[in-house]
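Report on the following structure.
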Amino acid sequence: MAKKINLRPLDDRVVVHPLEAEEMTAGGIVLPDAAREKPQRGKVVAVGVGKLLDSGNRGELSVAVGDEVIYGKYGGSEVEVDGDEYKILRESDILAKVTA
Amino acid sequence: MAKKINLRPLDDRVVVHPLEAEEMTAGGIVLPDAAREKPQRGKVVAVGVGKLLDSGNRGELSVAVGDEVIYGKYGGSEVEVDGDEYKILRESDILAKVTA
Amino acid sequence: MAKKINLRPLDDRVVVHPLEAEEMTAGGIVLPDAAREKPQRGKVVAVGVGKLLDSGNRGELSVAVGDEVIYGKYGGSEVEVDGDEYKILRESDILAKVTA
Amino acid sequence: MAKKINLRPLDDRVVVHPLEAEEMTAGGIVLPDAAREKPQRGKVVAVGVGKLLDSGNRGELSVAVGDEVIYGKYGGSEVEVDGDEYKILRESDILAKVTA
Amino acid sequence: MAKKINLRPLDDRVVVHPLEAEEMTAGGIVLPDAAREKPQRGKVVAVGVGKLLDSGNRGELSVAVGDEVIYGKYGGSEVEVDGDEYKILRESDILAKVTA
Amino acid sequence: MAKKINLRPLDDRVVVHPLEAEEMTAGGIVLPDAAREKPQRGKVVAVGVGKLLDSGNRGELSVAVGDEVIYGKYGGSEVEVDGDEYKILRESDILAKVTA
Amino acid sequence: MAKKINLRPLDDRVVVHPLEAEEMTAGGIVLPDAAREKPQRGKVVAVGVGKLLDSGNRGELSVAVGDEVIYGKYGGSEVEVDGDEYKILRESDILAKVTA
């Protein structure tokens with residue numbers, strides 16, 4: 001389960017909690033093990049305010065806290081909070097949301 | 001046949017189900033085997049909301065669920081759902097739609 | 001002769017049917033064989049709707065179905081339809097139109 | 001503790017004072033030691049006026065003096081003031097704010 | 001002498017007919033033989049409609065048919081028409097016009 | 001001391017006179033000697049009119065003649081005037097102003 | 001002395017006549033001989049109409065015929081006119097004007 005986390009990512013970044021196989025709510029999606037750049041599944045636990053556009057506005061994010069997402073394994077930076085591993089990614093590293 | 005899939009790709013990404021030769025509906029198109037970067041055929045099973053433009057709007061996608069498309073083999077990321085292989089691509093990796 | 005083809009290229013892409021020397025309608029143009037990146041001649045058989053601009057509009061294409069064009073040999077992707085070789089190119093890979 | 005510092009960074013740059021483990025106010029966040037590009041924690045001690053946009057305006061910064069932030073270890077430039085090490089970073093090198 | 005040529009270059013491209021030393025109308029300009037990327041002189045024989053700008057308009061070309069120009073030797077593509085060598089260049093590969 | 005210099009840098013460039021340690025007015029800032037890309041301190045002796053923006057206006061510079069600045073050692077070009085070394089930098093190579 | 005030259009550079013390019021040490025009018029500026037990319041001094045003998053902006057306008061040049069300028073040695077292209085060496089540069093390769 002994703003816990004409340006005391007991190008607020010900047011711009012279009014999101015904090016994702018990687019899911020173990022047994023935690024995945026939408027059955028049937030398996031991520032191939034042998035792929036060169038394996039996508040991973042995780043739950044979004046924090047989101048930024050959106051990317052600063054040339055107009056001076058912020059682009060709205062397409063993902064929200066609680067969403068399950070698939071993202072490229074090698075993007076982003078890992079941080080550890082209370083013994084759990086998290087990933088700070090840009091939204092553009094997220095490939096898709098998993099819908100119920 | 002393309003099934004309903006519980007993935008909603010972000011931005012201008014689409015989820016494509018690669019077609020086997022016997023599934024191709026528009027006869028006569030053969031993709032050369034020896035080409036350096038072989039394009040492939042597949043059916044679109046999910047589409048994103050479009051790329052975020054500098055204006056803050058989303059660019060409308062040119063492909064829709066059900067379209068048959070030709071795309072570069074090495075673009076995108078592979079995921080496996082219920083034992084089937086899918087590809088998550090950006091629309092810009094799609095070369096053409098196959099029309100009936 | 002260029003046939004009707006069941007491909008609709010995306011964005012600013014065009015489908016080109018490479019011409020053999022004997023098919024060239026505008027006499028006298030010979031493309032040098034020894035050049036490092038040899039341009040080639042072909043006939044446009046399908047065109048896209050134009051490139052998505054930042055304004056959200058599509059840029060109008062400068063080539064139309066039936067045009068004879070010169071294009072860089074190594075750009076684009078090859079596909080085979082009914083035993084004929086075609087090339088899917090971006091318009092920016094087309095150098096010039098051959099006028100009558 | 002972060003001291004007042006006589007540096008005013010340009011554009012979207014910020015000056016950060018790296019924190020030692022014992023100084024971290026939000027308990028529980030540990031940054032993995034073995035990561036390839038280890039993010040670090042620090043306190044913002046000075047901020048610039050924002051990046052110059054094409055419109056001629058400045059983009060507002062998302063961090064303020066006093067914020068605790070996580071940033072990539074290898075970004076930015078190190079300076080030493082009164083015997084303390086500081087880092088001058090672009091805001092885009094900051095991954096997240098640590099909230100109380 | 002530059003002949004009429006049945007090529008209409010796209011966008012901001014121009015077709016140039018390289019000049020031999022004896023054809024140069026503005027005396028005295030010699031292009032050094034030993035330079036790493038030797039500029040060359042030629043006469044413009046066809047011009048495109050201009051580059052597509054983000055606004056959807058075309059940027060006006062600064063060269064016209066009949067202009068003598070200096071251009072980088074290694075830019076562009078060579079084509080042969082009626083036994084003469086021509087070069088298809090982008091306008092940005094043209095360094096200067098030679099004035100009378 | 002920075003002297004009047006007969007150079008007017010273009011666009012967003014500035015001319016900086018590197019400071020020796022004994023000349024630094026704001027005490028206590030020491031730039032680490034062993035850093036891979038050591039920032040340096042200097043005094044601004046001339047500034048350009050600002051970068052040309054897409055709008056056709058010039059972006060206002062954030063530094064002025066007389067400012068003490070910290071800049072990356074390896075950016076810019078060195079010139080020698082009346083036996084003194086100067087550096088011509090783009091404003092983006094300047095990290096921070098040193099305030100009194 | 002810079003002579004009248006029959007070249008009209010395109011866009012934001014300028015033609016510069018490199019100066020020999022004895023020709024430099026503003027005394028005291030010496031360009032270091034050992035620098036990795038040595039800037040050079042020269043006199044502007046021709047200027048273009050300015051760079052084409054996205055707005056469709058031309059950016060005004062900051063240098064004029066007769067200006068003495070400092071520029072990077074390895075930028076631009078060399079041409080020879082009436083036995084004199086000239087350089088065709090983009091304005092962005094010019095670092096500064098030398099003022100009287």
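Following the order of the structure tokens, chains are lettered A, B, ..., residues in each are numbered from 1, and ligands are numbered from 1.
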Which residues are close to Gly76 in chain A, i.e. within 9 Å by only C-alpha atoms, leaving aside same-chain residues fewer than 2 positions away? Reply as a ChimeraX atom specification. /A:72-74,78,87-90,93
Expected file: the selected residues, N, CA and C atoms, as a short mmCIF file (atom, residue, chain, number, x, y, z; two decimals), in the first residue's frame:
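Output contents, as saved in selection-v3.cif:
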data_model
loop_
_atom_site.label_atom_id
_atom_site.label_comp_id
_atom_site.auth_asym_id
_atom_site.auth_seq_id
_atom_site.Cartn_x
_atom_site.Cartn_y
_atom_site.Cartn_z
N GLY A 72 9.26 3.75 -17.38
CA GLY A 72 10.55 3.18 -17.76
C GLY A 72 11.44 2.97 -16.55
N LYS A 73 12.09 1.83 -16.49
CA LYS A 73 12.85 1.46 -15.30
C LYS A 73 14.03 2.38 -15.03
N TYR A 74 14.67 2.87 -16.07
CA TYR A 74 15.93 3.59 -15.86
C TYR A 74 15.77 5.10 -15.76
N GLU A 78 16.15 7.47 -7.42
CA GLU A 78 15.61 6.69 -6.29
C GLU A 78 15.86 7.39 -4.97
N LYS A 87 10.59 6.41 -6.29
CA LYS A 87 11.20 6.91 -7.50
C LYS A 87 10.64 8.30 -7.78
N ILE A 88 11.52 9.26 -8.05
CA ILE A 88 11.06 10.57 -8.49
C ILE A 88 11.26 10.66 -10.00
N LEU A 89 10.14 10.77 -10.73
CA LEU A 89 10.16 10.73 -12.20
C LEU A 89 9.58 12.02 -12.77
N ARG A 90 9.94 12.35 -13.99
CA ARG A 90 9.17 13.34 -14.74
C ARG A 90 7.95 12.64 -15.33
N ASP A 93 8.26 10.40 -18.28
CA ASP A 93 8.80 9.04 -18.15
C ASP A 93 7.70 8.02 -17.88
#
Within 12 Å of chain F, which residues of chain D show up when using only C-alpha atoms, listed as a PyMOL selection string? chain D and resi 4-15+46-58+74-90
Distance of CA of Arg41 in chain E from CA of His17 in chain G, expressed in Å to one decimal place: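 Between these atoms lies a distance of 19.5 Å.
One distance worth recording is that between CA of Lys43 in chain E and CA of Val65 in chain E, which is 7.7 Å.
The coordinates place CA of Ala64 in chain G at 8.2 Å from CA of Val45 in chain G.
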